[in-house]
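> After the structure tokens below, expect a handful of questions from me.
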Amino acid sequence: MDTVLKIGTRGSPLALAQAKITRELLIASGLVAEDGIETVIIKTGGDRIQDRSLADIGGKGLFTKEIEEALSDGRIDLAVHSLKDLPAWMPDGLGLGAVLKRADPRDALLSSVANSVDSLPPGARIGTSSPRRRALLLNRRPDLTIVDFRGNVGTRLDKLAKGEVDGTLLAVAGIARLGLHVAHYPIDPAEMLPAACQGAIGLEIRLNDARAQMLCHTIGDEVSAIAIAAERAFLAALDGSCRTPIAALATVDGDQVALEALVARPDGTAVIRISERAGIADAARLGDAAGHRVKTDMPLDFFVAAEVGAGAAGR
């Protein structure tokens with residue numbers, strides 16, 4: 001193929017690491033030459049505005065809007081996303097071309113005073129901007145003090161090192177992809193269910209671009225795509241926004257997919273959790289049905305509380 005393939009990404013260290021993974025897979029496929037790929041860095045609204053919560057400035061779509069605009073108008077051919085940042089609904093003409101093999105989806109605690117959530121000292125200050133992490137931490141440890149924490153991984157680690165908080169949470173996958181050598185303690189999903197699609201890299205394309213479709217088919221991971229289909233369908237059924245504490249994790253075992261998912265009050269005082277299983281061909285229907293079941297069973301005051309919570313969904 002002679003035409004240079006342009007892949008679009010945010011400019012954060014983690015986003016660039018994920019773009020590099022994508023680039024290496026494309027080159028390894030033998031379908032794109034090393035000098036046939038150009039990485040295009042696109043600054044998003046979420047990158048520019050760091051002093052307010054995402055809920056206050058428009059939601060997690062601020063990490064994808066400008067990239068999707070570049071994809072729609074042909075300035076790039078393929079967009080690389082952390083899938084947990086990609087809204088459940090994509091603009092007309094765009095779609096998810098592939099899911100790369102998923103990394104460890106768990107959250108991890110980083111702290112100099114404890115190696116688990118349960119061993120944190122009473123009243124410990126934990127930095128996070130995620131309503132999911134906030135709600136699940138407070139559900140398990142209502143004595144904790146949650147401090148709003150925005151910024152990329154490096155910024156959050158600097159704040160932790162300066163003693164602004166006693167601990168923070170990061171995705172295990174992000175720590176690995178950045179090659180960070182920091183003490184961290186993965187948290188069992190039974191204790192803290194991850195954000196929907198955490199640990200997964202998604203490749204967004206124009207649906208009428210046959211070349212991009214072919215490349216995505218070559219490097220995508222089918223098992224990861226099945227799990228992600230269930231999780232994104234659950235999110236979509238709940239109209240998941242940057243304000244709602246939502247978590248979901250699907251696992252594939254042979255011809256079956258199992259989904260664990262939940263919605264929580266922002267203050268952690270209540271959690272609705274659901275476990276479902278279906279055949280892999282029904283992964284999306286499984287997630288959709290689970291989401292509608294939770295939404296139907298959710299008391300009105302619970303739903304309103306979730307909608308007015310602060311922060312960024314699942315981040």
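Starting from 1 in every chain, residues are counted up; chains themselves are A, B, ... following the order of the structure tokens, and ligands are numbered from 1 as listed.
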Can you tell me, as a list in words, what residues are no more than 7 Å from Ala173 of chain A when counting only C-alpha atoms, ignoring any on the same chain fewer than 3 positions away?

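Counting only C-alpha atoms, the residues come to Ala103, Asp104, Pro105, Ala176, Arg177 and Gly199 of chain A.
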
> Do a neighbour search on Ala19 of chain A at 12 Å with only C-alpha atoms, toss out local chain neighbours closer than 4 positions, and write the hits as a PyMOL selection string.

chain A and resi 6-15+23-26+37-41+78-82+100+177-178+201-203

> Record the distance separating atom CA of Glu191 of chain A and atom CA of Val263 of chain A, expressed in Å with one decimal.

14.1 Å

> Compile the contact shell of segment 277-285 of chain A as a CSV table (one decimal) with C-alpha atoms, in the first residue's frame: residues with an atom at most 10 Å away, counting only C-alpha atoms, same-chain residues fewer than 6 positions apart removed.


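New file around_14.csv:
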chain,number,residue,atom,x,y,z
A,223,VAL,CA,-12.1,-12.3,22.3
A,225,ALA,CA,-14.0,-7.5,21.1
A,226,ILE,CA,-16.7,-9.8,22.4
A,227,ALA,CA,-16.1,-8.7,26.0
A,228,ILE,CA,-16.1,-5.1,25.0
A,229,ALA,CA,-19.4,-5.5,23.1
A,230,ALA,CA,-21.1,-6.6,26.2
A,231,GLU,CA,-19.6,-3.8,28.3
A,232,ARG,CA,-20.4,-1.0,25.8
A,233,ALA,CA,-23.9,-2.2,25.4
A,234,PHE,CA,-24.4,-2.1,29.1
A,250,ALA,CA,-17.1,-9.1,30.8
A,251,THR,CA,-15.0,-12.3,30.5
A,252,VAL,CA,-15.1,-14.9,27.8
A,253,ASP,CA,-14.9,-18.6,28.6
A,254,GLY,CA,-15.2,-20.8,25.5
A,255,ASP,CA,-18.5,-20.1,23.9
A,256,GLN,CA,-19.8,-18.1,26.9
A,257,VAL,CA,-19.5,-14.5,28.0
A,258,ALA,CA,-20.1,-13.5,31.6
A,259,LEU,CA,-20.8,-10.0,32.6
A,260,GLU,CA,-20.4,-8.4,36.0
A,291,GLY,CA,-28.4,-2.4,31.4

> Please determine, counting only C-alpha atoms, which residue among A:Ala261, A:Leu170, A:Ala190, A:Leu207 has the shortest atom-to-atom distance to Leu109 of chain A.

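The answer is A:Leu170, which sits nearest to Leu109 of chain A.
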
> With a cut-off of 12 Å, could you pull out the residues of segment 169-220 of chain A touching segment 122-135 of chain A and give me the nearest pair of atoms for each, distance in Å to one decimal, using only C-alpha atoms, ordered by chain and ascending number, as JSON lines?


{"residue": "A:Leu169", "atom": "CA", "partner": "A:Thr128", "partner_atom": "CA", "distance": 6.7}
{"residue": "A:Leu170", "atom": "CA", "partner": "A:Thr128", "partner_atom": "CA", "distance": 8.9}
{"residue": "A:Ala171", "atom": "CA", "partner": "A:Arg133", "partner_atom": "CA", "distance": 11.0}
{"residue": "A:Ile187", "atom": "CA", "partner": "A:Arg133", "partner_atom": "CA", "distance": 11.4}
{"residue": "A:Pro189", "atom": "CA", "partner": "A:Arg133", "partner_atom": "CA", "distance": 11.9}
{"residue": "A:Glu191", "atom": "CA", "partner": "A:Arg133", "partner_atom": "CA", "distance": 10.9}
{"residue": "A:Met192", "atom": "CA", "partner": "A:Arg133", "partner_atom": "CA", "distance": 7.7}
{"residue": "A:Leu193", "atom": "CA", "partner": "A:Arg132", "partner_atom": "CA", "distance": 8.8}
{"residue": "A:Pro194", "atom": "CA", "partner": "A:Arg132", "partner_atom": "CA", "distance": 8.4}
{"residue": "A:Ala195", "atom": "CA", "partner": "A:Arg132", "partner_atom": "CA", "distance": 7.4}
{"residue": "A:Ala196", "atom": "CA", "partner": "A:Arg132", "partner_atom": "CA", "distance": 10.4}

> Store the residues picked out above in a file with C-alpha atoms, as an mmCIF file, in the first residue's frame.


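selection.cif, freshly written:
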data_model
loop_
_atom_site.group_PDB
_atom_site.id
_atom_site.type_symbol
_atom_site.label_atom_id
_atom_site.label_comp_id
_atom_site.auth_asym_id
_atom_site.auth_seq_id
_atom_site.Cartn_x
_atom_site.Cartn_y
_atom_site.Cartn_z
ATOM 1 C CA LEU A 169 -5.830 4.831 41.910
ATOM 2 C CA LEU A 170 -4.586 4.091 38.401
ATOM 3 C CA ALA A 171 -5.407 1.448 35.828
ATOM 4 C CA ILE A 187 -7.463 -4.504 43.385
ATOM 5 C CA PRO A 189 -12.648 -6.790 40.679
ATOM 6 C CA GLU A 191 -13.763 -5.368 45.560
ATOM 7 C CA MET A 192 -13.638 -2.673 42.880
ATOM 8 C CA LEU A 193 -15.215 -3.453 39.536
ATOM 9 C CA PRO A 194 -13.337 -1.677 36.717
ATOM 10 C CA ALA A 195 -14.715 0.921 34.351
ATOM 11 C CA ALA A 196 -16.395 -0.476 31.271
#

> Give me, as an NGL selection string, the residues of segment 47-283 of chain A that a backbone DSSP run labels helix (DSSP H, G or I).

:A and (47-48 or 54-57 or 60-63 or 65-72 or 83-85 or 131-140 or 153-161 or 172-177 or 210-219 or 222-237 or 280-283)

> Quick one: of A:Asp267, A:Asp85, A:Glu222, A:Asp92, who's nearest to Leu235 of chain A, counting only C-alpha atoms?

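Answer, going by the shortest atom-to-atom distance: A:Asp85.
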
> So, with only C-alpha atoms as the atoms that count, which of A:Leu110, A:Pro186, A:Pro87, A:Ser119 lies closest to Val165 of chain A?

A:Leu110

> I need the residues in segment 61-145 of chain A that are strand (DSSP E) according to DSSP; give them as a ChimeraX atom specification.

/A:78-82,94-99,107-111,125-127,145

> Please save N, CA and C atoms of the selected residues as a PDB file, in the first residue's frame.


ATOM      1  N   LEU A  78      -7.449   6.642  10.959  1.00  0.00           N
ATOM      2  CA  LEU A  78      -7.724   5.711  12.047  1.00  0.00           C
ATOM      3  C   LEU A  78      -7.459   6.436  13.363  1.00  0.00           C
ATOM      4  N   ALA A  79      -8.376   6.318  14.306  1.00  0.00           N
ATOM      5  CA  ALA A  79      -8.219   6.976  15.604  1.00  0.00           C
ATOM      6  C   ALA A  79      -7.960   5.929  16.676  1.00  0.00           C
ATOM      7  N   VAL A  80      -6.960   6.194  17.517  1.00  0.00           N
ATOM      8  CA  VAL A  80      -6.613   5.281  18.606  1.00  0.00           C
ATOM      9  C   VAL A  80      -7.157   5.856  19.912  1.00  0.00           C
ATOM     10  N   HIS A  81      -7.991   5.084  20.593  1.00  0.00           N
ATOM     11  CA  HIS A  81      -8.620   5.554  21.832  1.00  0.00           C
ATOM     12  C   HIS A  81      -8.392   4.576  22.978  1.00  0.00           C
ATOM     13  N   SER A  82      -8.288   5.099  24.191  1.00  0.00           N
ATOM     14  CA  SER A  82      -8.574   4.281  25.365  1.00  0.00           C
ATOM     15  C   SER A  82     -10.075   4.054  25.312  1.00  0.00           C
ATOM     16  N   LEU A  94     -18.994   6.863  11.472  1.00  0.00           N
ATOM     17  CA  LEU A  94     -17.833   6.326  12.182  1.00  0.00           C
ATOM     18  C   LEU A  94     -18.238   5.083  12.966  1.00  0.00           C
ATOM     19  N   GLY A  95     -17.273   4.203  13.180  1.00  0.00           N
ATOM     20  CA  GLY A  95     -17.554   3.006  13.955  1.00  0.00           C
ATOM     21  C   GLY A  95     -16.283   2.415  14.524  1.00  0.00           C
ATOM     22  N   LEU A  96     -16.451   1.443  15.394  1.00  0.00           N
ATOM     23  CA  LEU A  96     -15.320   0.772  16.017  1.00  0.00           C
ATOM     24  C   LEU A  96     -14.805  -0.299  15.062  1.00  0.00           C
ATOM     25  N   GLY A  97     -13.600  -0.080  14.536  1.00  0.00           N
ATOM     26  CA  GLY A  97     -13.033  -1.010  13.574  1.00  0.00           C
ATOM     27  C   GLY A  97     -12.422  -2.236  14.213  1.00  0.00           C
ATOM     28  N   ALA A  98     -11.838  -2.056  15.398  1.00  0.00           N
ATOM     29  CA  ALA A  98     -11.193  -3.184  16.071  1.00  0.00           C
ATOM     30  C   ALA A  98     -10.955  -2.864  17.535  1.00  0.00           C
ATOM     31  N   VAL A  99     -10.853  -3.916  18.313  1.00  0.00           N
ATOM     32  CA  VAL A  99     -10.388  -3.836  19.698  1.00  0.00           C
ATOM     33  C   VAL A  99      -9.088  -4.628  19.755  1.00  0.00           C
ATOM     34  N   ASP A 107      -8.051  -1.958  38.516  1.00  0.00           N
ATOM     35  CA  ASP A 107      -7.504  -0.759  39.140  1.00  0.00           C
ATOM     36  C   ASP A 107      -6.381  -1.169  40.071  1.00  0.00           C
ATOM     37  N   ALA A 108      -5.513  -0.197  40.385  1.00  0.00           N
ATOM     38  CA  ALA A 108      -4.455  -0.440  41.358  1.00  0.00           C
ATOM     39  C   ALA A 108      -4.381   0.723  42.333  1.00  0.00           C
ATOM     40  N   LEU A 109      -4.098   0.400  43.575  1.00  0.00           N
ATOM     41  CA  LEU A 109      -3.857   1.427  44.595  1.00  0.00           C
ATOM     42  C   LEU A 109      -2.378   1.766  44.610  1.00  0.00           C
ATOM     43  N   LEU A 110      -2.078   3.060  44.618  1.00  0.00           N
ATOM     44  CA  LEU A 110      -0.710   3.538  44.805  1.00  0.00           C
ATOM     45  C   LEU A 110      -0.696   4.343  46.095  1.00  0.00           C
ATOM     46  N   SER A 111       0.101   3.904  47.047  1.00  0.00           N
ATOM     47  CA  SER A 111       0.122   4.551  48.347  1.00  0.00           C
ATOM     48  C   SER A 111       1.399   4.186  49.084  1.00  0.00           C
ATOM     49  N   ARG A 125      -6.688  10.309  52.807  1.00  0.00           N
ATOM     50  CA  ARG A 125      -7.069  11.134  51.662  1.00  0.00           C
ATOM     51  C   ARG A 125      -6.673  10.408  50.373  1.00  0.00           C
ATOM     52  N   ILE A 126      -7.673  10.153  49.523  1.00  0.00           N
ATOM     53  CA  ILE A 126      -7.437   9.432  48.273  1.00  0.00           C
ATOM     54  C   ILE A 126      -7.815  10.342  47.101  1.00  0.00           C
ATOM     55  N   GLY A 127      -6.885  10.492  46.178  1.00  0.00           N
ATOM     56  CA  GLY A 127      -7.109  11.372  45.031  1.00  0.00           C
ATOM     57  C   GLY A 127      -7.678  10.633  43.840  1.00  0.00           C
ATOM     58  N   THR A 145     -11.476  10.195  52.822  1.00  0.00           N
ATOM     59  CA  THR A 145     -11.683  11.531  52.272  1.00  0.00           C
ATOM     60  C   THR A 145     -11.248  11.505  50.812  1.00  0.00           C
TER      61      THR A 145
END

> Closest to Ile21 of chain A among A:Ala200, A:Asp148, A:Thr296, A:Ala88, using only C-alpha atoms?

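Looking only at the distances to Ile21 of chain A, the closest residue turns out to be A:Ala200.
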
> By how many Å are atom CA of Ala237 of chain A and atom CA of Asp288 of chain A apart?

5.4 Å

> Rank nothing, just name the residue among A:Val153, A:Arg102, A:Leu136, A:Asp158 nearest to Asp221 of chain A, using only C-alpha atoms.

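Residue with the minimum atom-to-atom distance to Asp221 of chain A: A:Arg102.
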